[in-house]
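Raw final-v4.txt, compact mmCIF, N, CA and C atoms:
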# COMPACT_ATOMS: atom_id res chain seq x y z
N MET A 1 0.82 -1.19 0.00
CA MET A 1 0.00 0.00 0.00
C MET A 1 0.86 1.25 0.00
N SER A 2 2.00 1.22 0.68
CA SER A 2 2.84 2.40 0.74
C SER A 2 3.42 2.75 -0.63
N SER A 3 3.67 1.74 -1.48
CA SER A 3 4.19 2.05 -2.82
C SER A 3 3.13 2.75 -3.66
N LEU A 4 1.87 2.41 -3.45
CA LEU A 4 0.78 3.09 -4.14
C LEU A 4 0.72 4.55 -3.70
N LEU A 5 0.80 4.78 -2.41
CA LEU A 5 0.78 6.15 -1.89
C LEU A 5 2.00 6.93 -2.36
N SER A 6 3.14 6.28 -2.40
CA SER A 6 4.34 6.94 -2.89
C SER A 6 4.19 7.32 -4.36
N GLY A 7 3.63 6.41 -5.16
CA GLY A 7 3.39 6.69 -6.58
C GLY A 7 2.41 7.84 -6.76
N MET A 8 1.37 7.87 -5.93
CA MET A 8 0.40 8.96 -6.02
C MET A 8 1.05 10.28 -5.61
N SER A 9 1.92 10.24 -4.63
CA SER A 9 2.62 11.44 -4.20
C SER A 9 3.54 11.95 -5.31
N ASP A 10 4.25 11.04 -5.98
CA ASP A 10 5.10 11.42 -7.10
C ASP A 10 4.28 12.07 -8.21
N PHE A 11 3.12 11.48 -8.50
CA PHE A 11 2.22 12.02 -9.52
C PHE A 11 1.75 13.42 -9.13
N TYR A 12 1.32 13.57 -7.90
CA TYR A 12 0.84 14.86 -7.41
C TYR A 12 1.91 15.94 -7.54
N HIS A 13 3.14 15.62 -7.16
CA HIS A 13 4.23 16.59 -7.24
C HIS A 13 4.58 16.90 -8.70
N ALA A 14 4.51 15.90 -9.56
CA ALA A 14 4.78 16.14 -10.98
C ALA A 14 3.74 17.07 -11.59
N VAL A 15 2.47 16.89 -11.22
CA VAL A 15 1.40 17.76 -11.71
C VAL A 15 1.64 19.19 -11.24
N ARG A 16 1.94 19.35 -9.96
CA ARG A 16 2.18 20.70 -9.43
C ARG A 16 3.36 21.36 -10.13
N LEU A 17 4.41 20.60 -10.40
CA LEU A 17 5.58 21.15 -11.08
C LEU A 17 5.23 21.55 -12.51
N ASP A 18 4.48 20.72 -13.22
CA ASP A 18 4.09 21.05 -14.59
C ASP A 18 3.20 22.28 -14.64
N LEU A 19 2.35 22.43 -13.66
CA LEU A 19 1.47 23.60 -13.64
C LEU A 19 2.24 24.87 -13.30
N SER A 20 3.24 24.74 -12.46
CA SER A 20 3.98 25.94 -12.05
C SER A 20 5.14 26.26 -12.99
N GLN A 21 5.73 25.23 -13.60
CA GLN A 21 6.90 25.43 -14.46
C GLN A 21 6.80 24.60 -15.72
N PRO A 22 5.86 24.90 -16.63
CA PRO A 22 5.77 24.13 -17.86
C PRO A 22 6.93 24.45 -18.79
N ALA A 23 7.09 23.65 -19.82
CA ALA A 23 8.12 23.92 -20.80
C ALA A 23 7.94 25.33 -21.36
N LYS A 24 9.04 26.02 -21.58
CA LYS A 24 9.00 27.43 -21.99
C LYS A 24 8.14 27.65 -23.23
N TYR A 25 8.33 26.83 -24.26
CA TYR A 25 7.59 27.04 -25.50
C TYR A 25 6.10 26.78 -25.32
N LEU A 26 5.72 25.93 -24.38
CA LEU A 26 4.30 25.71 -24.10
C LEU A 26 3.74 26.82 -23.23
N ALA A 27 4.53 27.31 -22.31
CA ALA A 27 4.07 28.37 -21.41
C ALA A 27 3.79 29.64 -22.20
N ASP A 28 4.57 29.89 -23.23
CA ASP A 28 4.37 31.09 -24.04
C ASP A 28 3.06 31.03 -24.83
N SER A 29 2.67 29.83 -25.25
CA SER A 29 1.49 29.71 -26.11
C SER A 29 0.20 29.49 -25.33
N LEU A 30 0.30 29.18 -24.05
CA LEU A 30 -0.88 28.92 -23.23
C LEU A 30 -1.00 29.97 -22.13
N GLY A 31 -2.22 30.31 -21.82
CA GLY A 31 -2.43 31.23 -20.71
C GLY A 31 -2.08 30.59 -19.38
N ARG A 32 -1.62 31.38 -18.45
CA ARG A 32 -1.21 30.85 -17.15
C ARG A 32 -2.33 30.12 -16.44
N HIS A 33 -3.57 30.54 -16.64
CA HIS A 33 -4.70 29.93 -15.94
C HIS A 33 -5.56 29.07 -16.85
N ASP A 34 -5.01 28.66 -17.98
CA ASP A 34 -5.73 27.80 -18.90
C ASP A 34 -5.91 26.41 -18.26
N PRO A 35 -7.16 25.96 -18.06
CA PRO A 35 -7.38 24.69 -17.38
C PRO A 35 -6.91 23.47 -18.18
N PHE A 36 -6.69 23.63 -19.46
CA PHE A 36 -6.26 22.50 -20.29
C PHE A 36 -4.75 22.46 -20.50
N ARG A 37 -4.05 23.38 -19.86
CA ARG A 37 -2.60 23.47 -20.04
C ARG A 37 -1.89 22.17 -19.69
N ILE A 38 -2.26 21.56 -18.60
CA ILE A 38 -1.60 20.32 -18.17
C ILE A 38 -1.81 19.21 -19.19
N LEU A 39 -3.00 19.17 -19.80
CA LEU A 39 -3.27 18.15 -20.82
C LEU A 39 -2.41 18.37 -22.06
N VAL A 40 -2.22 19.62 -22.44
CA VAL A 40 -1.39 19.94 -23.59
C VAL A 40 0.06 19.54 -23.32
N ILE A 41 0.52 19.82 -22.13
CA ILE A 41 1.89 19.46 -21.74
C ILE A 41 2.07 17.95 -21.79
N TRP A 42 1.12 17.23 -21.24
CA TRP A 42 1.23 15.76 -21.22
C TRP A 42 1.13 15.18 -22.63
N GLU A 43 0.24 15.71 -23.45
CA GLU A 43 0.12 15.21 -24.82
C GLU A 43 1.42 15.46 -25.59
N ASP A 44 2.02 16.61 -25.38
CA ASP A 44 3.28 16.92 -26.04
C ASP A 44 4.36 15.94 -25.62
N ARG A 45 4.41 15.62 -24.34
CA ARG A 45 5.40 14.66 -23.84
C ARG A 45 5.22 13.29 -24.48
N VAL A 46 3.97 12.84 -24.58
CA VAL A 46 3.68 11.54 -25.19
C VAL A 46 4.13 11.55 -26.65
N ARG A 47 3.77 12.61 -27.38
CA ARG A 47 4.09 12.69 -28.80
C ARG A 47 5.60 12.72 -29.03
N VAL A 48 6.32 13.49 -28.25
CA VAL A 48 7.78 13.57 -28.40
C VAL A 48 8.41 12.21 -28.11
N ARG A 49 7.94 11.53 -27.09
CA ARG A 49 8.52 10.22 -26.76
C ARG A 49 8.20 9.17 -27.82
N GLU A 50 7.01 9.25 -28.41
CA GLU A 50 6.68 8.33 -29.50
C GLU A 50 7.57 8.59 -30.71
N GLN A 51 7.80 9.85 -31.03
CA GLN A 51 8.67 10.20 -32.17
C GLN A 51 10.11 9.78 -31.90
N LEU A 52 10.55 9.94 -30.67
CA LEU A 52 11.90 9.53 -30.30
C LEU A 52 12.06 8.02 -30.47
N GLN A 53 11.08 7.26 -30.04
CA GLN A 53 11.13 5.81 -30.18
C GLN A 53 11.11 5.39 -31.64
N LEU A 54 10.29 6.05 -32.43
CA LEU A 54 10.22 5.76 -33.86
C LEU A 54 11.55 6.04 -34.53
N MET A 55 12.17 7.16 -34.19
CA MET A 55 13.48 7.49 -34.75
C MET A 55 14.52 6.45 -34.34
N ALA A 56 14.49 6.04 -33.09
CA ALA A 56 15.46 5.05 -32.61
C ALA A 56 15.28 3.72 -33.34
N ASP A 57 14.05 3.37 -33.65
CA ASP A 57 13.78 2.11 -34.35
C ASP A 57 14.13 2.17 -35.84
N GLN A 58 13.77 3.28 -36.49
CA GLN A 58 13.93 3.37 -37.93
C GLN A 58 15.27 3.96 -38.37
N TYR A 59 15.80 4.88 -37.60
CA TYR A 59 17.04 5.58 -37.96
C TYR A 59 17.99 5.65 -36.77
N PRO A 60 18.48 4.51 -36.30
CA PRO A 60 19.31 4.52 -35.09
C PRO A 60 20.59 5.35 -35.23
N GLU A 61 21.06 5.54 -36.45
CA GLU A 61 22.27 6.34 -36.64
C GLU A 61 22.04 7.82 -36.30
N ARG A 62 20.80 8.26 -36.29
CA ARG A 62 20.49 9.65 -35.97
C ARG A 62 20.53 9.94 -34.47
N LEU A 63 20.54 8.92 -33.67
CA LEU A 63 20.62 9.13 -32.22
C LEU A 63 21.90 9.86 -31.86
N LYS A 64 22.97 9.54 -32.57
CA LYS A 64 24.25 10.21 -32.31
C LYS A 64 24.12 11.70 -32.61
N ASP A 65 23.35 12.04 -33.63
CA ASP A 65 23.17 13.46 -34.00
C ASP A 65 22.50 14.26 -32.89
N ILE A 66 21.61 13.63 -32.15
CA ILE A 66 20.92 14.35 -31.07
C ILE A 66 21.57 14.09 -29.72
N GLY A 67 22.66 13.34 -29.73
CA GLY A 67 23.43 13.13 -28.51
C GLY A 67 22.80 12.16 -27.52
N MET A 68 22.09 11.15 -28.05
CA MET A 68 21.47 10.16 -27.16
C MET A 68 21.92 8.76 -27.53
N THR A 69 21.92 7.90 -26.54
CA THR A 69 22.20 6.48 -26.76
C THR A 69 20.88 5.71 -26.74
N ARG A 70 20.93 4.46 -27.16
CA ARG A 70 19.72 3.63 -27.11
C ARG A 70 19.22 3.48 -25.66
N ALA A 71 20.14 3.38 -24.72
CA ALA A 71 19.74 3.26 -23.31
C ALA A 71 19.02 4.51 -22.83
N GLU A 72 19.50 5.67 -23.25
CA GLU A 72 18.84 6.92 -22.86
C GLU A 72 17.45 7.03 -23.51
N VAL A 73 17.34 6.60 -24.75
CA VAL A 73 16.03 6.60 -25.42
C VAL A 73 15.08 5.66 -24.70
N ARG A 74 15.58 4.49 -24.36
CA ARG A 74 14.75 3.51 -23.64
C ARG A 74 14.27 4.08 -22.31
N ALA A 75 15.18 4.73 -21.59
CA ALA A 75 14.82 5.33 -20.29
C ALA A 75 13.78 6.44 -20.47
N GLU A 76 13.95 7.27 -21.49
CA GLU A 76 13.02 8.38 -21.72
C GLU A 76 11.65 7.88 -22.16
N THR A 77 11.63 6.93 -23.07
CA THR A 77 10.34 6.46 -23.60
C THR A 77 9.60 5.54 -22.64
N SER A 78 10.26 5.07 -21.62
CA SER A 78 9.57 4.22 -20.64
C SER A 78 8.91 5.03 -19.52
N LYS A 79 9.15 6.34 -19.51
CA LYS A 79 8.55 7.20 -18.48
C LYS A 79 7.05 7.35 -18.71
N ALA A 80 6.34 7.54 -17.63
CA ALA A 80 4.90 7.84 -17.72
C ALA A 80 4.73 9.26 -18.23
N PHE A 81 3.56 9.57 -18.77
CA PHE A 81 3.32 10.88 -19.38
C PHE A 81 3.47 12.04 -18.42
N TRP A 82 3.31 11.82 -17.16
CA TRP A 82 3.40 12.93 -16.21
C TRP A 82 4.84 13.15 -15.73
N GLN A 83 5.74 12.24 -16.06
CA GLN A 83 7.12 12.37 -15.61
C GLN A 83 7.92 13.21 -16.59
N ARG A 84 8.72 14.10 -16.03
CA ARG A 84 9.57 14.96 -16.86
C ARG A 84 10.75 14.20 -17.38

Give the structure from this file in structure tokens form.
Amino acid sequence: MSSLLSGMSDFYHAVRLDLSQPAKYLADSLGRHDPFRILVIWEDRVRVREQLQLMADQYPERLKDIGMTRAEVRAETSKAFWQR
């Protein structure tokens, strides 16, 4: 039960952080009090991670161009949508 509570606590803190400090390019395009801002941030994270995985699968030689290894891609794409 404590791991569930710990996971919920991590989620809660991640949400608060995203609401208070979203990515700069998203913060500029969204109003500070926009109720859908968190959803836009999470959708962007999912989309970027899907594209990163696709690139790693189809064009692994390009990982060097962006300065990532397969292990780093795996670690990034395995994160939940609320994790930075």

Provide the atom C of Pro60 in chain A to atom N of Val73 in chain A distance in Å, to one decimal place.
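These atoms are spaced 11.0 Å apart.
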
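Between Ala80 in chain A and the candidates A:Glu61, A:Ala14, A:Gln51, A:Ala56, the tightest atom-to-atom separation, counting only C-alpha atoms, involves A:Ala14.
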
Interatomic distance (Å, one decimal) between CA of Phe36 in chain A and atom C of Lys79 in chain A
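So the answer is 20.2 Å.
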
Kindly extract all protein, DNA and RNA residues lying within 10 Å of the coordinates (9.4, 8.7, -27.3) given in the file, considering only C-alpha atoms, and supply them as a PDB file with N, CA and C atoms, in the frame of the given file.
ATOM      1  N   ARG A  45       4.410  15.620 -24.340  1.00  0.00           N
ATOM      2  CA  ARG A  45       5.400  14.660 -23.840  1.00  0.00           C
ATOM      3  C   ARG A  45       5.220  13.290 -24.480  1.00  0.00           C
ATOM      4  N   VAL A  46       3.970  12.840 -24.580  1.00  0.00           N
ATOM      5  CA  VAL A  46       3.680  11.540 -25.190  1.00  0.00           C
ATOM      6  C   VAL A  46       4.130  11.550 -26.650  1.00  0.00           C
ATOM      7  N   ARG A  47       3.770  12.610 -27.380  1.00  0.00           N
ATOM      8  CA  ARG A  47       4.090  12.690 -28.800  1.00  0.00           C
ATOM      9  C   ARG A  47       5.600  12.720 -29.030  1.00  0.00           C
ATOM     10  N   VAL A  48       6.320  13.490 -28.250  1.00  0.00           N
ATOM     11  CA  VAL A  48       7.780  13.570 -28.400  1.00  0.00           C
ATOM     12  C   VAL A  48       8.410  12.210 -28.110  1.00  0.00           C
ATOM     13  N   ARG A  49       7.940  11.530 -27.090  1.00  0.00           N
ATOM     14  CA  ARG A  49       8.520  10.220 -26.760  1.00  0.00           C
ATOM     15  C   ARG A  49       8.200   9.170 -27.820  1.00  0.00           C
ATOM     16  N   GLU A  50       7.010   9.250 -28.410  1.00  0.00           N
ATOM     17  CA  GLU A  50       6.680   8.330 -29.500  1.00  0.00           C
ATOM     18  C   GLU A  50       7.570   8.590 -30.710  1.00  0.00           C
ATOM     19  N   GLN A  51       7.800   9.850 -31.030  1.00  0.00           N
ATOM     20  CA  GLN A  51       8.670  10.200 -32.170  1.00  0.00           C
ATOM     21  C   GLN A  51      10.110   9.780 -31.900  1.00  0.00           C
ATOM     22  N   LEU A  52      10.550   9.940 -30.670  1.00  0.00           N
ATOM     23  CA  LEU A  52      11.900   9.530 -30.300  1.00  0.00           C
ATOM     24  C   LEU A  52      12.060   8.020 -30.470  1.00  0.00           C
ATOM     25  N   GLN A  53      11.080   7.260 -30.040  1.00  0.00           N
ATOM     26  CA  GLN A  53      11.130   5.810 -30.180  1.00  0.00           C
ATOM     27  C   GLN A  53      11.110   5.390 -31.640  1.00  0.00           C
ATOM     28  N   LEU A  54      10.290   6.050 -32.430  1.00  0.00           N
ATOM     29  CA  LEU A  54      10.220   5.760 -33.860  1.00  0.00           C
ATOM     30  C   LEU A  54      11.550   6.040 -34.530  1.00  0.00           C
ATOM     31  N   MET A  55      12.170   7.160 -34.190  1.00  0.00           N
ATOM     32  CA  MET A  55      13.480   7.490 -34.750  1.00  0.00           C
ATOM     33  C   MET A  55      14.520   6.450 -34.340  1.00  0.00           C
ATOM     34  N   ALA A  56      14.490   6.040 -33.090  1.00  0.00           N
ATOM     35  CA  ALA A  56      15.460   5.050 -32.610  1.00  0.00           C
ATOM     36  C   ALA A  56      15.280   3.720 -33.340  1.00  0.00           C
ATOM     37  N   VAL A  73      17.340   6.600 -24.750  1.00  0.00           N
ATOM     38  CA  VAL A  73      16.030   6.600 -25.420  1.00  0.00           C
ATOM     39  C   VAL A  73      15.080   5.660 -24.700  1.00  0.00           C
ATOM     40  N   ARG A  74      15.580   4.490 -24.360  1.00  0.00           N
ATOM     41  CA  ARG A  74      14.750   3.510 -23.640  1.00  0.00           C
ATOM     42  C   ARG A  74      14.270   4.080 -22.310  1.00  0.00           C
ATOM     43  N   ALA A  75      15.180   4.730 -21.590  1.00  0.00           N
ATOM     44  CA  ALA A  75      14.820   5.330 -20.290  1.00  0.00           C
ATOM     45  C   ALA A  75      13.780   6.440 -20.470  1.00  0.00           C
ATOM     46  N   GLU A  76      13.950   7.270 -21.490  1.00  0.00           N
ATOM     47  CA  GLU A  76      13.020   8.380 -21.720  1.00  0.00           C
ATOM     48  C   GLU A  76      11.650   7.880 -22.160  1.00  0.00           C
ATOM     49  N   THR A  77      11.630   6.930 -23.070  1.00  0.00           N
ATOM     50  CA  THR A  77      10.340   6.460 -23.600  1.00  0.00           C
ATOM     51  C   THR A  77       9.600   5.540 -22.640  1.00  0.00           C
ATOM     52  N   SER A  78      10.260   5.070 -21.620  1.00  0.00           N
ATOM     53  CA  SER A  78       9.570   4.220 -20.640  1.00  0.00           C
ATOM     54  C   SER A  78       8.910   5.030 -19.520  1.00  0.00           C
ATOM     55  N   LYS A  79       9.150   6.340 -19.510  1.00  0.00           N
ATOM     56  CA  LYS A  79       8.550   7.200 -18.480  1.00  0.00           C
ATOM     57  C   LYS A  79       7.050   7.350 -18.710  1.00  0.00           C
TER      58      LYS A  79
END
